[in-house]
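Comments concern the structure below.
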Amino acid sequence: MRKRSEGDLDGIPSYVRRNTSAYSPQQLPIGVFDSGVGGLTVLKELQQQLPNESFLYFGDTANVPYGTRSQAEILGFVRQILCWMTSQPIKMAIMACNTSSALALDEVRAEFDIPILGIILPGARAAVKQGKRIGVIATPATVASESYPQAIQEVNTTAKVFQEACPEFVPLIEHNRIREPETLQIVHQHLHPLLQQGIDTLVYGCTHYPHLSGVIRQVLPSHVKTVDPAVYITTAAKQELKLLQLQNGHAAQTTRFFVSGCPEQFAELSYQWLGFLPVVEKVILPELASPQSIEAVEQI
């Protein structure tokens, strides 16, 4: 892994990485990022399947939700996050966000010198193995990108794909309104068009949505299977680490949590899914137009 220098990434600023001379590349953490708590579904799978790996989690809570933003905005956020993450440094980045994977993955893979994994293709491959009439619930930006239909039909041209944009889902989760009666009504409203199409499989096309799985299962008929891409991106990460000989043979370090918004709010919200109150730090992401120091403040 090389240190970035001036002129890299067409104007994206370089940063001096932390002194990690005591660590081999294999011992560096894997960076996992999302717009908020949604990526915790991916993190938990990674921790279970890769117990020797260390992780750095970032939630861009100052800019959540991503699903109603433009591609230019999403690409800018992802570049900022990866500039900061590579300055830590990390050995691999995982986009635990379908919107980012749909709108920014190809661009940043060409700009950064670490492996970067997106979540859509692993989810699409898993969906095709489950059924033939596949429903996808996702953010408006992911639906508009047509990323899931394209990925699914690349694997199986005979599969039928039906999409439904669910812009209310992420705010419901981020504001801890999962158990409110109104949430069940909203979920029913969005799943009804897909059920009318006779789907046999439902893909959670946003990493936030598994947090609503209890409500979603109340609406889905028992024969409709669900696909959580978080499970399958973990398998892809395991394969990539082995291929690149980046597997960690030492004890894992404690996962570090960072956000761009309020650390206390993220910690309290994530407690119900992590099972503990994490220590969360607020990060001021780099402005891409002018290099500046990265600050980590408000540790709790």
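Each chain in the structure tokens gets a letter, A, B, ..., in the order shown, and its residues are numbered from 1; ligands are numbered from 1 in order too.
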Original post:
Could you name the residues that touch Gln185 (chain A) at 10 Å or less, counting only C-alpha atoms, but leaving out those on the same chain fewer than 5 positions away, as a list of chain:residue names?
Top reply: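 Result of the neighbour search: A:Glu180, A:His190, A:Val215, A:Val219.
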Which residues are near Thr157 (chain A)? Cut-off 12 Å, only C-alpha atoms, ignore same chain within fewer than 5 positions. Put them as a short mmCIF file (atom, residue, chain, number, x, y, z; two decimals) with N, CA, C and O atoms, in the first residue's frame.
```cif
data_model
loop_
_atom_site.label_atom_id
_atom_site.label_comp_id
_atom_site.auth_asym_id
_atom_site.auth_seq_id
_atom_site.Cartn_x
_atom_site.Cartn_y
_atom_site.Cartn_z
N VAL A 128 -30.86 -14.41 -7.35
CA VAL A 128 -31.12 -15.30 -8.49
C VAL A 128 -31.15 -16.76 -8.05
O VAL A 128 -31.89 -17.58 -8.61
N LYS A 132 -37.26 -16.50 -9.08
CA LYS A 132 -37.35 -16.06 -10.47
C LYS A 132 -38.09 -14.73 -10.62
O LYS A 132 -37.92 -14.02 -11.61
N ARG A 133 -38.95 -14.42 -9.66
CA ARG A 133 -39.68 -13.14 -9.68
C ARG A 133 -39.21 -12.37 -8.44
O ARG A 133 -39.66 -12.63 -7.33
N PRO A 149 -31.70 -4.43 -11.24
CA PRO A 149 -32.16 -5.16 -12.43
C PRO A 149 -31.03 -5.54 -13.37
O PRO A 149 -30.99 -6.67 -13.89
N GLN A 150 -30.09 -4.63 -13.58
CA GLN A 150 -28.97 -4.93 -14.46
C GLN A 150 -28.11 -6.06 -13.90
O GLN A 150 -27.74 -7.00 -14.62
N ALA A 151 -27.80 -5.99 -12.61
CA ALA A 151 -26.95 -7.02 -12.00
C ALA A 151 -27.65 -8.37 -11.98
O ALA A 151 -27.03 -9.41 -12.26
N ILE A 152 -28.93 -8.38 -11.66
CA ILE A 152 -29.68 -9.65 -11.60
C ILE A 152 -29.79 -10.27 -12.97
O ILE A 152 -29.57 -11.48 -13.15
#
```
**OP:** Could you tell me, as a PyMOL selection string, which residues of region 36-228 of chain A DSSP assigns to alpha helix (DSSP H) when given the backbone?
**Re:** chain A and resi 40-49+71-86+98-109+120-130+140-145+147-155+169-174+181-196+213-219
Original post:
So what do you get for CA of Met95 (chain A) versus CA of Gly118 (chain A), distance-wise?
Top reply: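 Those two atoms sit 5.2 Å apart.
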**OP:** Return as an MDAnalysis selection string the full set of residues in region 103-152 of chain A whose backbone-based DSSP assignment is strand (DSSP E or B).
**Re:** chainID A and resid 116:117 133:138
Output for the residues just chosen: N, CA, C and O atoms as a PDB file, in the first residue's frame:
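Result file again.pdb:
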```pdb
ATOM      1  N   ILE A 116     -11.966  -2.087  -2.967  1.00  0.00           N
ATOM      2  CA  ILE A 116     -13.233  -1.496  -2.518  1.00  0.00           C
ATOM      3  C   ILE A 116     -14.361  -2.396  -2.990  1.00  0.00           C
ATOM      4  O   ILE A 116     -14.497  -2.656  -4.189  1.00  0.00           O
ATOM      5  N   LEU A 117     -15.160  -2.885  -2.069  1.00  0.00           N
ATOM      6  CA  LEU A 117     -16.235  -3.811  -2.397  1.00  0.00           C
ATOM      7  C   LEU A 117     -17.584  -3.112  -2.294  1.00  0.00           C
ATOM      8  O   LEU A 117     -17.853  -2.384  -1.325  1.00  0.00           O
ATOM      9  N   ARG A 133     -38.946 -14.419  -9.660  1.00  0.00           N
ATOM     10  CA  ARG A 133     -39.676 -13.143  -9.675  1.00  0.00           C
ATOM     11  C   ARG A 133     -39.214 -12.372  -8.443  1.00  0.00           C
ATOM     12  O   ARG A 133     -39.665 -12.629  -7.328  1.00  0.00           O
ATOM     13  N   ILE A 134     -38.308 -11.446  -8.689  1.00  0.00           N
ATOM     14  CA  ILE A 134     -37.542 -10.833  -7.602  1.00  0.00           C
ATOM     15  C   ILE A 134     -37.984  -9.394  -7.383  1.00  0.00           C
ATOM     16  O   ILE A 134     -37.949  -8.569  -8.304  1.00  0.00           O
ATOM     17  N   GLY A 135     -38.387  -9.105  -6.175  1.00  0.00           N
ATOM     18  CA  GLY A 135     -38.712  -7.736  -5.791  1.00  0.00           C
ATOM     19  C   GLY A 135     -37.526  -7.093  -5.098  1.00  0.00           C
ATOM     20  O   GLY A 135     -36.805  -7.751  -4.355  1.00  0.00           O
ATOM     21  N   VAL A 136     -37.342  -5.816  -5.357  1.00  0.00           N
ATOM     22  CA  VAL A 136     -36.250  -5.067  -4.732  1.00  0.00           C
ATOM     23  C   VAL A 136     -36.836  -3.826  -4.076  1.00  0.00           C
ATOM     24  O   VAL A 136     -37.492  -3.024  -4.743  1.00  0.00           O
ATOM     25  N   ILE A 137     -36.630  -3.682  -2.782  1.00  0.00           N
ATOM     26  CA  ILE A 137     -36.972  -2.429  -2.106  1.00  0.00           C
ATOM     27  C   ILE A 137     -35.671  -1.679  -1.863  1.00  0.00           C
ATOM     28  O   ILE A 137     -34.689  -2.247  -1.399  1.00  0.00           O
ATOM     29  N   ALA A 138     -35.665  -0.389  -2.211  1.00  0.00           N
ATOM     30  CA  ALA A 138     -34.419   0.373  -2.153  1.00  0.00           C
ATOM     31  C   ALA A 138     -34.738   1.860  -2.065  1.00  0.00           C
ATOM     32  O   ALA A 138     -35.906   2.268  -2.091  1.00  0.00           O
TER      33      ALA A 138
END
```
Rows by chain and residue number, region 80-183 of chain A within 10 Å of region 23-28 of chain A, shortest pair, only C-alpha atoms, as a tab-separated table:
```
residue	atom	partner	partner_atom	distance
A:Gln88	CA	A:Leu28	CA	9.2
A:Pro89	CA	A:Leu28	CA	7.2
A:Ile90	CA	A:Leu28	CA	5.5
A:Lys91	CA	A:Leu28	CA	5.6
A:Met92	CA	A:Leu28	CA	8.7
```
Convert the current residue selection to file output with all heavy atoms, as an mmCIF file, in the first residue's frame.
```cif
data_model
loop_
_atom_site.group_PDB
_atom_site.id
_atom_site.type_symbol
_atom_site.label_atom_id
_atom_site.label_comp_id
_atom_site.auth_asym_id
_atom_site.auth_seq_id
_atom_site.Cartn_x
_atom_site.Cartn_y
_atom_site.Cartn_z
ATOM 1 N N GLN A 88 -6.035 6.648 7.657
ATOM 2 C CA GLN A 88 -5.946 6.019 8.976
ATOM 3 C C GLN A 88 -4.747 5.092 9.143
ATOM 4 O O GLN A 88 -4.107 5.170 10.202
ATOM 5 C CB GLN A 88 -7.255 5.286 9.283
ATOM 6 C CG GLN A 88 -8.442 6.207 9.349
ATOM 7 C CD GLN A 88 -8.187 7.372 10.314
ATOM 8 O OE1 GLN A 88 -8.016 7.189 11.523
ATOM 9 N NE2 GLN A 88 -8.112 8.581 9.779
ATOM 10 N N PRO A 89 -4.389 4.094 8.317
ATOM 11 C CA PRO A 89 -5.025 3.679 7.070
ATOM 12 C C PRO A 89 -5.859 2.411 7.269
ATOM 13 O O PRO A 89 -5.975 1.907 8.382
ATOM 14 C CB PRO A 89 -3.816 3.368 6.188
ATOM 15 C CG PRO A 89 -2.822 2.784 7.152
ATOM 16 C CD PRO A 89 -3.042 3.509 8.459
ATOM 17 N N ILE A 90 -6.397 1.891 6.163
ATOM 18 C CA ILE A 90 -7.140 0.645 6.146
ATOM 19 C C ILE A 90 -6.594 -0.221 5.019
ATOM 20 O O ILE A 90 -5.884 0.267 4.145
ATOM 21 C CB ILE A 90 -8.651 0.888 5.931
ATOM 22 C CG1 ILE A 90 -8.895 1.680 4.632
ATOM 23 C CG2 ILE A 90 -9.263 1.592 7.130
ATOM 24 C CD1 ILE A 90 -10.350 1.840 4.257
ATOM 25 N N LYS A 91 -6.913 -1.511 5.029
ATOM 26 C CA LYS A 91 -6.437 -2.408 3.971
ATOM 27 C C LYS A 91 -7.517 -2.723 2.943
ATOM 28 O O LYS A 91 -7.226 -3.227 1.861
ATOM 29 C CB LYS A 91 -5.915 -3.718 4.565
ATOM 30 C CG LYS A 91 -6.959 -4.579 5.271
ATOM 31 C CD LYS A 91 -6.305 -5.837 5.839
ATOM 32 C CE LYS A 91 -7.307 -6.711 6.590
ATOM 33 N NZ LYS A 91 -6.656 -7.907 7.197
ATOM 34 N N MET A 92 -8.774 -2.430 3.266
ATOM 35 C CA MET A 92 -9.903 -2.691 2.370
ATOM 36 C C MET A 92 -11.056 -1.812 2.801
ATOM 37 O O MET A 92 -11.198 -1.500 3.989
ATOM 38 C CB MET A 92 -10.322 -4.172 2.445
ATOM 39 C CG MET A 92 -11.615 -4.516 1.728
ATOM 40 S SD MET A 92 -12.136 -6.246 2.017
ATOM 41 C CE MET A 92 -10.956 -7.107 0.985
#
```
Original post:
Looking at A:Phe162, A:Trp84, A:Tyr66, A:Phe266, which one is nearest to Leu103 (chain A), with distances taken over only C-alpha atoms?
Top reply: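 Using only C-alpha atoms, the shortest distance to Leu103 (chain A) belongs to A:Tyr66.
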Subject >> Nearest candidate to His175 (chain A) (options A:Pro122, A:Gly214, A:Pro278, A:Pro65; using only C-alpha atoms) >> reply: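 Among the listed residues, the smallest separation from His175 (chain A) belongs to A:Pro65.
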**OP:** Could you give me, as a ChimeraX atom specification, the residues within 12 Å of Arg217 (chain A), counting only C-alpha atoms and dropping anything in the same chain fewer than 3 positions from it?
**Re:** /A:184,187-188,191,202,209-214,220-226
Would you put the residues from that selection into a file with C-alpha atoms, as an mmCIF file, in the first residue's frame?
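part31.cif was written with the following content:
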```
data_model
loop_
_atom_site.group_PDB
_atom_site.id
_atom_site.type_symbol
_atom_site.label_atom_id
_atom_site.label_comp_id
_atom_site.auth_asym_id
_atom_site.auth_seq_id
_atom_site.Cartn_x
_atom_site.Cartn_y
_atom_site.Cartn_z
ATOM 1 C CA LEU A 184 -46.392 -1.019 9.606
ATOM 2 C CA VAL A 187 -44.251 -0.878 4.915
ATOM 3 C CA HIS A 188 -47.526 -2.417 3.748
ATOM 4 C CA LEU A 191 -44.742 -3.891 -0.427
ATOM 5 C CA LEU A 202 -37.534 -9.839 -1.800
ATOM 6 C CA TYR A 209 -33.884 -2.188 5.696
ATOM 7 C CA PRO A 210 -32.980 -5.398 7.600
ATOM 8 C CA HIS A 211 -33.602 -3.319 10.730
ATOM 9 C CA LEU A 212 -37.261 -3.371 9.578
ATOM 10 C CA SER A 213 -37.275 -7.129 8.948
ATOM 11 C CA GLY A 214 -39.679 -7.843 11.810
ATOM 12 C CA LEU A 220 -44.869 -10.713 3.427
ATOM 13 C CA PRO A 221 -46.569 -14.075 2.744
ATOM 14 C CA SER A 222 -44.612 -16.963 4.236
ATOM 15 C CA HIS A 223 -43.546 -18.317 0.834
ATOM 16 C CA VAL A 224 -41.697 -15.112 -0.128
ATOM 17 C CA LYS A 225 -38.003 -15.444 0.704
ATOM 18 C CA THR A 226 -35.854 -12.480 1.704
#
```
**OP:** Could you tell me how far CA of Ala251 (chain A) lies from CA of Ile119 (chain A), in Å and to one decimal?
**Re:** 26.6 Å
